[in-house]
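Peer 1: Mind looking over this structure? Questions follow.
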Amino acid sequence: MKPGLYPLLGPPASGKTTLAREWALEVLGRRGRVYWVGLPHQRAYVYRLFGAQGAVLGLEFLSFQALYYRVLAEAGRLGPLLPGAGRVALVGEALRSLQGEGIAPGEARLFARAIAELKRYGLSPFALPKEGEAGRLRRVYLTYERLKGKALDYDDVRHRAGRAPLRLFPRPDLVVVDGFREVGPLDLRFLRRLAREVPVLLTLELLPEGLEPWRELPPRPVRKEVWALANPVEETRHLLRALKRALAPREMGGEGLDPWEVLVVAPEERIGGLLLLKDEYGLPLYDGRERALGETEEGERVLALLNPFPTGRDLLALGFAALGRKALRLGLVGEEALGALAEREGLGEEWRAFQELRTPGPDPLAWEEEVLERLGVSAKEPFLLRLRLALRADAGNPLAWWRSLLLDESLPPEPNRGVALLPPLRALGIRARRAYVLDWVAGRYSLREREDYFLLEELRERGFLKGLPRRLKGLDPLFWEEVSTRGEEVFLLYPEAGPSGAHAPLERGVRPEPLPPASRLEALPEEPFAAPLPTSSAPPAHLEVLRRHGECPFRAYLERFPLRAEDGALGWHLLPEGWDRLLADPRVGPWLKAHEDLLQAMSFWVRWPGKRFALRLDGVRREEGGRVVHLYRLLPPGKDPDLGPRHRWTEWYALWAFLQREEVREVYLWTWAFLGEPRPYRKNPYRRGERLPQVEEVRPQVDEALRRWGMGGFSPRPGPHCFTCGLQDLCRKEDV
């Protein structure tokens, strides 16, 4: 095999990795040495792929970064390394030197990503324009390089390795580069140099411009089935049943697959829910998401200490059990609320100990060492390193930076320990005998291509920036093809609808055959206990309860008692008893004074009993010995009137009832928002004998609602009104 670059082009699942493996095995069979270059999360998969047929000697898996480190180490040109968190911290320091204080970690991260892209494509700060946001990036880039000094970030290592002598020891007989979606110009330049000395097999789905393929592979068919399930819950349950059947031994009716032969691809936000159910189903599910330093057991305790808005859970994690349990039970968040709770419950000493623990002293590093000791953190150096970087980014406010750097720093991937649950990007470059893909609907699987904040698409076509790739490439269809070919056989599942409505699947499927129960809960009798629906012969509490019976009878049943005073319109519910207290309020007092005569003449929350139901009027005022009546609909601050016949019956029924009385000559209808001005529903009053269209619409609805109420059915009726219900899903709890 002669030295040279051998680009192997083919669509996803076309056999590129299989061909590369055959080349590698041929070299290994001659006792040669093979470097297999891939992404870090592919390491365990590659070793398992080669170890399936027995032990092999001479194979070494490397990431590009590790290969560059080896080249520089052999050439004696390796310098102090700057990790990813260090780059963000230095960019924060550069921003602070240019713009002053108040730089947030998120802003520094935005600049750091832009600088990394420029360096990855070999562009210096002087390639950027001087004006606009690109000019600001140029200045930050220059300052970052000055502050970095002799330290090497990841892209400096790439640059330096491209110029260093190639003295690899031991020398490889074959280099395979596999599993990458694209290779940048600097990486390609390095591979061309390497290919002058050893054969380099490069597998890609899209070749860079100017590179001709050595061989093209045709598409290879993959067995696919698309399953349509009713909703996300049924989709999840069906997936777990299918996994249980796939892993069960053949003598028990299963398929006898090894856990390492099965793969599940799911959106990252769905993986946590699947892991919660693994014990119920008895499945060896493994979390394949990327973990940060702050997500370890020790890191979670440190983050609980650094939370700017501490919670009861944070207090419990730090050992402050008494205060933590009370705060968690009440759902309190923040220092002010927790401090007030500690004072009320006599736990001030515990609260002061918590505050003392989270307050840095004059020497932050000494304080951190003491804190880590108290929190039981054994490996202190990673946390100390991030605090040193945070102090460099913002010495005046290092804790926010420290917290951000702990959440950003990724940990090396762990070896697979069962059926891997992988987010889409972590599944690329890995295949299994069988793959299940969850949530196969539009919008869930996307590369989210969008223009760069600093360098828009048109800027990437000018001057020195021509080397930068376009951000809007339309690669989503290729990404979908990659995700849907992660196994020799693939099952694509999607829910037909969810809480937000119907879903549009990427491919239409069919309803799968129902699978047998796979957990103890599913094996229980199919008719669970359900509490009997409530019944009552009591009349409705008032007319609005009767109206709401048409929306949800169960809610109307629970509101059959008269509403409490505090259930009235917000603000108004304090009247008339709280008049003196409201006068003392600096905001409400002047408003009360301005309307004092009118308010003093009103009667609030008037209950008007009747033979069939009662009316509960918000406000009533009479003039001329009762000949003129004013009805008020009282509203919370800023709320629009709701007197439409579909939304409110009380005022219209009361209006009609008042006009039936001989002594009443006319009736005015008003809406009045708290702290606002009273507004007439119409300029002219309503008089006896006048046609009232709203009353004509309301009265038949009242008669029909009374008929339904008399039937005694009070079952829950879900709908949009559930969003305004304050009964905390009691109807669902009774159904359990």
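Ordering of the structure tokens sets the chain letters (A, B, ...), residue numbers begin anew at 1 in every chain, and ligands are numbered from 1 in the order given.
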Can you tell me which residues surround Tyr668 of chain A at a distance of at most 7 Å, considering only C-alpha atoms, apart from same-chain residues fewer than 6 positions away, and format the answer as a list in words?

Peer 2: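 Contacts, with the query itself left out: Val629, His630, Leu631, Pro685 and Tyr686 of chain A.
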
Peer 1: Just the selected residues (C-alpha atoms), exported as a PDB file, in the first residue's frame, please.

Peer 2:
ATOM      1  CA  VAL A 629     -79.779  51.309  39.267  1.00  0.00           C
ATOM      2  CA  HIS A 630     -76.104  51.115  38.367  1.00  0.00           C
ATOM      3  CA  LEU A 631     -74.586  47.614  37.906  1.00  0.00           C
ATOM      4  CA  PRO A 685     -79.239  53.505  30.059  1.00  0.00           C
ATOM      5  CA  TYR A 686     -81.404  50.404  29.570  1.00  0.00           C
TER       6      TYR A 686
END

Peer 1: Fewer than 3 positions away in the same chain doesn't count, so skip those; otherwise give me all residues within 7 Å of segment 276-287 of chain A, counting only C-alpha atoms, as a PyMOL selection string.

Peer 2: chain A and resi 244+272-273+416-421+518-519

Peer 1: How would the residues just picked look written out with all heavy atoms as a PDB file, in the first residue's frame?

Peer 2:
ATOM      1  N   LYS A 244     -37.565  -4.250  25.539  1.00  0.00           N
ATOM      2  CA  LYS A 244     -37.627  -5.411  26.431  1.00  0.00           C
ATOM      3  C   LYS A 244     -37.724  -6.709  25.623  1.00  0.00           C
ATOM      4  O   LYS A 244     -37.046  -7.703  25.929  1.00  0.00           O
ATOM      5  CB  LYS A 244     -38.845  -5.262  27.347  1.00  0.00           C
ATOM      6  CG  LYS A 244     -38.878  -6.222  28.538  1.00  0.00           C
ATOM      7  CD  LYS A 244     -37.755  -5.926  29.515  1.00  0.00           C
ATOM      8  CE  LYS A 244     -37.864  -6.745  30.787  1.00  0.00           C
ATOM      9  NZ  LYS A 244     -38.858  -6.221  31.725  1.00  0.00           N
ATOM     10  N   GLY A 272     -33.874  12.104  29.442  1.00  0.00           N
ATOM     11  CA  GLY A 272     -34.095  12.046  30.884  1.00  0.00           C
ATOM     12  C   GLY A 272     -35.358  11.288  31.249  1.00  0.00           C
ATOM     13  O   GLY A 272     -35.379  10.501  32.207  1.00  0.00           O
ATOM     14  N   GLY A 273     -36.437  11.483  30.491  1.00  0.00           N
ATOM     15  CA  GLY A 273     -37.682  10.771  30.764  1.00  0.00           C
ATOM     16  C   GLY A 273     -37.553   9.270  30.549  1.00  0.00           C
ATOM     17  O   GLY A 273     -38.118   8.473  31.306  1.00  0.00           O
ATOM     18  N   ASN A 416     -19.690   2.669  26.969  1.00  0.00           N
ATOM     19  CA  ASN A 416     -21.093   2.264  26.999  1.00  0.00           C
ATOM     20  C   ASN A 416     -21.301   1.117  27.997  1.00  0.00           C
ATOM     21  O   ASN A 416     -20.496   0.198  28.074  1.00  0.00           O
ATOM     22  CB  ASN A 416     -21.505   1.832  25.597  1.00  0.00           C
ATOM     23  CG  ASN A 416     -22.985   1.582  25.489  1.00  0.00           C
ATOM     24  OD1 ASN A 416     -23.716   1.794  26.441  1.00  0.00           O
ATOM     25  ND2 ASN A 416     -23.426   1.139  24.336  1.00  0.00           N
ATOM     26  N   ARG A 417     -22.402   1.192  28.754  1.00  0.00           N
ATOM     27  CA  ARG A 417     -22.687   0.161  29.744  1.00  0.00           C
ATOM     28  C   ARG A 417     -24.087  -0.433  29.546  1.00  0.00           C
ATOM     29  O   ARG A 417     -24.727  -0.835  30.500  1.00  0.00           O
ATOM     30  CB  ARG A 417     -22.569   0.734  31.159  1.00  0.00           C
ATOM     31  CG  ARG A 417     -21.168   1.169  31.519  1.00  0.00           C
ATOM     32  CD  ARG A 417     -21.054   1.478  32.997  1.00  0.00           C
ATOM     33  NE  ARG A 417     -21.847   2.621  33.368  1.00  0.00           N
ATOM     34  CZ  ARG A 417     -21.395   3.874  33.339  1.00  0.00           C
ATOM     35  NH1 ARG A 417     -20.163   4.121  32.952  1.00  0.00           N
ATOM     36  NH2 ARG A 417     -22.178   4.875  33.705  1.00  0.00           N
ATOM     37  N   GLY A 418     -24.569  -0.465  28.320  1.00  0.00           N
ATOM     38  CA  GLY A 418     -25.880  -1.035  28.064  1.00  0.00           C
ATOM     39  C   GLY A 418     -26.451  -0.489  26.772  1.00  0.00           C
ATOM     40  O   GLY A 418     -25.714  -0.132  25.839  1.00  0.00           O
ATOM     41  N   VAL A 419     -27.771  -0.386  26.703  1.00  0.00           N
ATOM     42  CA  VAL A 419     -28.431   0.195  25.533  1.00  0.00           C
ATOM     43  C   VAL A 419     -28.237   1.708  25.605  1.00  0.00           C
ATOM     44  O   VAL A 419     -28.754   2.373  26.505  1.00  0.00           O
ATOM     45  CB  VAL A 419     -29.929  -0.159  25.516  1.00  0.00           C
ATOM     46  CG1 VAL A 419     -30.609   0.516  24.332  1.00  0.00           C
ATOM     47  CG2 VAL A 419     -30.120  -1.659  25.457  1.00  0.00           C
ATOM     48  N   ALA A 420     -27.475   2.244  24.665  1.00  0.00           N
ATOM     49  CA  ALA A 420     -27.121   3.665  24.704  1.00  0.00           C
ATOM     50  C   ALA A 420     -28.290   4.522  24.233  1.00  0.00           C
ATOM     51  O   ALA A 420     -28.898   4.251  23.188  1.00  0.00           O
ATOM     52  CB  ALA A 420     -25.900   3.919  23.842  1.00  0.00           C
ATOM     53  N   LEU A 421     -28.616   5.554  25.013  1.00  0.00           N
ATOM     54  CA  LEU A 421     -29.587   6.578  24.614  1.00  0.00           C
ATOM     55  C   LEU A 421     -28.780   7.789  24.180  1.00  0.00           C
ATOM     56  O   LEU A 421     -28.172   8.479  25.005  1.00  0.00           O
ATOM     57  CB  LEU A 421     -30.504   6.943  25.780  1.00  0.00           C
ATOM     58  CG  LEU A 421     -31.262   5.796  26.454  1.00  0.00           C
ATOM     59  CD1 LEU A 421     -32.094   6.326  27.604  1.00  0.00           C
ATOM     60  CD2 LEU A 421     -32.139   5.071  25.457  1.00  0.00           C
ATOM     61  N   ALA A 518     -44.558  -5.095  29.541  1.00  0.00           N
ATOM     62  CA  ALA A 518     -43.123  -5.267  29.766  1.00  0.00           C
ATOM     63  C   ALA A 518     -42.696  -4.804  31.145  1.00  0.00           C
ATOM     64  O   ALA A 518     -41.511  -4.783  31.438  1.00  0.00           O
ATOM     65  CB  ALA A 518     -42.331  -4.515  28.694  1.00  0.00           C
ATOM     66  N   SER A 519     -43.640  -4.386  31.979  1.00  0.00           N
ATOM     67  CA  SER A 519     -43.297  -3.979  33.342  1.00  0.00           C
ATOM     68  C   SER A 519     -44.396  -4.459  34.286  1.00  0.00           C
ATOM     69  O   SER A 519     -45.491  -4.828  33.855  1.00  0.00           O
ATOM     70  CB  SER A 519     -43.158  -2.461  33.435  1.00  0.00           C
ATOM     71  OG  SER A 519     -44.425  -1.834  33.376  1.00  0.00           O
TER      72      SER A 519
END

Peer 1: So which residues touch His159 of chain A within 10 Å, counting only C-alpha atoms, skipping near sequence neighbours fewer than 4 positions away, as a list in words?

Peer 2: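 These residues fall inside the cut-off: Tyr68, Lys119, Arg120, Tyr121, Gly122, Leu152, Tyr154, Asp155, Arg163, Ala164, Leu186, Asp187 and Phe190 of chain A.
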
Peer 1: To one decimal in Å, tell me the separation between atom CA of Ala322 of chain A and atom CA of Gly346 of chain A.

Peer 2: 10.5 Å

Peer 1: At a cut-off of 12 Å, can you tabulate as a Markdown table every residue of segment 394-450 of chain A near segment 8-12 of chain A together with its closest atom pair and the distance in Å to one decimal, using only C-alpha atoms and ordering rows by chain then number?

Peer 2:
| residue | atom | partner | partner_atom | distance |
| --- | --- | --- | --- | --- |
| A:Leu428 | CA | A:Pro12 | CA | 9.6 |
| A:Gly429 | CA | A:Pro12 | CA | 9.3 |
| A:Ile430 | CA | A:Pro12 | CA | 10.9 |
| A:Arg431 | CA | A:Pro12 | CA | 10.5 |

Peer 1: Selected residues, N, CA and C atoms, written as a compact mmCIF listing (two decimals), in the first residue's frame, please.

Peer 2:
# COMPACT_ATOMS: atom_id res chain seq x y z
N LEU A 428 -23.81 10.10 15.48
CA LEU A 428 -23.16 10.08 14.18
C LEU A 428 -21.82 9.37 14.29
N GLY A 429 -21.50 8.57 13.29
CA GLY A 429 -20.26 7.82 13.31
C GLY A 429 -20.35 6.53 14.09
N ILE A 430 -21.54 6.19 14.58
CA ILE A 430 -21.75 4.97 15.36
C ILE A 430 -22.93 4.22 14.74
N ARG A 431 -22.79 2.90 14.61
CA ARG A 431 -23.90 2.10 14.10
C ARG A 431 -24.06 0.87 14.97

Peer 1: For each of A:Gly253, A:Gly58, A:Gly38, A:Pro517, take the minimum atom-to-atom distance to Leu202 of chain A, counting only C-alpha atoms, then give the residue where this is smallest.

Peer 2: A:Gly38

Peer 1: Return as an NGL selection string the full set of residues in segment 319-519 of chain A whose backbone-based DSSP assignment is helix (DSSP H, G or I).

Peer 2: :A and (321-330 or 335-345 or 348-357 or 364-374 or 381-393 or 398-408 or 424-427 or 459-461 or 463-467 or 476-483)

Peer 1: Fewer than 3 positions away in the same chain doesn't count, so skip those; otherwise give me all residues within 6 Å of Val264 of chain A, counting only C-alpha atoms, as number ranges by chain.

Peer 2: A: 421, 435-437

Peer 1: Output N, CA, C and O atoms of each residue in that selection to a file, as a short mmCIF file (atom, residue, chain, number, x, y, z; two decimals), in the first residue's frame.

Peer 2:
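Okay, this is what ended up in selection-v7.cif:
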data_model
loop_
_atom_site.label_atom_id
_atom_site.label_comp_id
_atom_site.auth_asym_id
_atom_site.auth_seq_id
_atom_site.Cartn_x
_atom_site.Cartn_y
_atom_site.Cartn_z
N LEU A 421 -28.62 5.55 25.01
CA LEU A 421 -29.59 6.58 24.61
C LEU A 421 -28.78 7.79 24.18
O LEU A 421 -28.17 8.48 25.00
N ALA A 435 -31.40 -0.07 15.52
CA ALA A 435 -31.51 1.29 16.06
C ALA A 435 -32.98 1.69 16.10
O ALA A 435 -33.76 1.38 15.19
N TYR A 436 -33.34 2.36 17.19
CA TYR A 436 -34.67 2.95 17.34
C TYR A 436 -34.49 4.47 17.38
O TYR A 436 -33.64 4.98 18.13
N VAL A 437 -35.26 5.19 16.58
CA VAL A 437 -35.19 6.65 16.54
C VAL A 437 -36.53 7.19 17.03
O VAL A 437 -37.58 6.88 16.47
#

Peer 1: Produce a table with one row for each residue of segment 98-210 of chain A that has an atom at most 9 Å from any atom of segment 462-475 of chain A, each row naming the nearest atom pair and its distance in Å at one decimal; use only C-alpha atoms; arrange rows by chain and rising residue number; format as a tab-separated table.

Peer 2:
residue	atom	partner	partner_atom	distance
A:Glu117	CA	A:Leu468	CA	8.3
A:Leu118	CA	A:Leu468	CA	7.6
A:Tyr121	CA	A:Leu468	CA	6.5
A:Gly122	CA	A:Gly467	CA	8.4
A:Leu123	CA	A:Leu465	CA	7.6
A:Phe126	CA	A:Phe464	CA	8.9
A:Ala127	CA	A:Phe464	CA	5.4
A:Leu128	CA	A:Leu465	CA	7.4
A:Pro185	CA	A:Gly467	CA	8.6

Peer 1: Set the distance at 9 Å and use only C-alpha atoms: which residues neighbour Phe64 of chain A once local chain neighbours fewer than 5 positions away are removed? I'd like the list as a PyMOL selection string.

Peer 2: chain A and resi 37-39+69+158+177+187

Peer 1: I need the residue nearest Pro382 of chain A from this list: A:Arg547, A:Ala85, A:Leu328, A:Pro645. Use only C-alpha atoms for the distance.

Peer 2: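 For Pro382 of chain A, the nearest of the candidates is A:Ala85.
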
Peer 1: Can you tell me which residues surround Pro232 of chain A at a distance of at most 9 Å, considering only C-alpha atoms, apart from same-chain residues fewer than 3 positions away, and format the answer as a list of chain:residue names?

Peer 2: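 Once the nearby chain positions are removed, what remains is A:Leu229, A:Glu235, A:Thr236, A:Arg237, A:Asp439, A:Tyr494, A:Pro495, A:Glu496, A:Ala497, A:Gly498.
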
Peer 1: Restricted to N, CA and C atoms, what would the selected residues look like written as a PDB file, in the first residue's frame?

Peer 2:
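Output file result_21.pdb is given in full below:
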ATOM      1  N   LEU A 229     -47.497   6.347  16.547  1.00  0.00           N
ATOM      2  CA  LEU A 229     -48.176   6.153  17.824  1.00  0.00           C
ATOM      3  C   LEU A 229     -49.059   7.364  18.118  1.00  0.00           C
ATOM      4  N   GLU A 235     -45.855   6.478  22.588  1.00  0.00           N
ATOM      5  CA  GLU A 235     -44.606   6.261  21.837  1.00  0.00           C
ATOM      6  C   GLU A 235     -43.500   5.754  22.765  1.00  0.00           C
ATOM      7  N   THR A 236     -43.356   6.394  23.931  1.00  0.00           N
ATOM      8  CA  THR A 236     -42.318   5.988  24.879  1.00  0.00           C
ATOM      9  C   THR A 236     -42.574   4.580  25.394  1.00  0.00           C
ATOM     10  N   ARG A 237     -43.802   4.293  25.776  1.00  0.00           N
ATOM     11  CA  ARG A 237     -44.128   2.966  26.306  1.00  0.00           C
ATOM     12  C   ARG A 237     -43.907   1.884  25.251  1.00  0.00           C
ATOM     13  N   ASP A 439     -39.304  10.246  18.195  1.00  0.00           N
ATOM     14  CA  ASP A 439     -39.760  11.598  17.843  1.00  0.00           C
ATOM     15  C   ASP A 439     -39.390  11.973  16.411  1.00  0.00           C
ATOM     16  N   TYR A 494     -42.839   7.941  15.863  1.00  0.00           N
ATOM     17  CA  TYR A 494     -43.261   9.334  16.040  1.00  0.00           C
ATOM     18  C   TYR A 494     -44.665   9.377  16.638  1.00  0.00           C
ATOM     19  N   PRO A 495     -44.954  10.400  17.457  1.00  0.00           N
ATOM     20  CA  PRO A 495     -46.316  10.588  17.969  1.00  0.00           C
ATOM     21  C   PRO A 495     -47.140  11.382  16.967  1.00  0.00           C
ATOM     22  N   GLU A 496     -48.369  10.966  16.766  1.00  0.00           N
ATOM     23  CA  GLU A 496     -49.225  11.682  15.817  1.00  0.00           C
ATOM     24  C   GLU A 496     -49.647  13.046  16.341  1.00  0.00           C
ATOM     25  N   ALA A 497     -49.677  13.199  17.668  1.00  0.00           N
ATOM     26  CA  ALA A 497     -50.063  14.490  18.254  1.00  0.00           C
ATOM     27  C   ALA A 497     -49.461  14.579  19.644  1.00  0.00           C
ATOM     28  N   GLY A 498     -49.347  15.808  20.140  1.00  0.00           N
ATOM     29  CA  GLY A 498     -48.837  16.059  21.474  1.00  0.00           C
ATOM     30  C   GLY A 498     -49.592  17.206  22.107  1.00  0.00           C
TER      31      GLY A 498
END

Peer 1: I need the residue nearest Gln701 of chain A from this list: A:Leu635, A:Leu406, A:Leu546, A:Leu207. Use only C-alpha atoms for the distance.

Peer 2: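 Looking only at the distances to Gln701 of chain A, the closest residue turns out to be A:Leu546.
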
Peer 1: Rounded to one decimal place, report the atom CA of Phe658 of chain A-atom CA of Gln600 of chain A distance in Å.

Peer 2: 21.8 Å

Peer 1: Just checking: using only C-alpha atoms, which residue out of A:Arg682, A:Arg181, A:Arg621, A:Arg486 ends up closest to Val222 of chain A?

Peer 2: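 Residue with the minimum atom-to-atom distance to Val222 of chain A: A:Arg486.
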
Peer 1: In terms of the shortest atom-to-atom distance over only C-alpha atoms, which of A:Arg313, A:His542, A:Arg717, A:Arg508 is closest to Phe554 of chain A?

Peer 2: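 Result for the nearest residue to Phe554 of chain A: A:Arg717.
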
Peer 1: Find the distance between atom CA of Arg627 of chain A and atom CA of Val664 of chain A and write it in Å to one decimal.

Peer 2: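 A separation of 4.3 Å between them.
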
Peer 1: Closest to Asn397 of chain A among A:Pro105, A:Gly487, A:Gly132, A:Gly501, using only C-alpha atoms?

Peer 2: A:Pro105
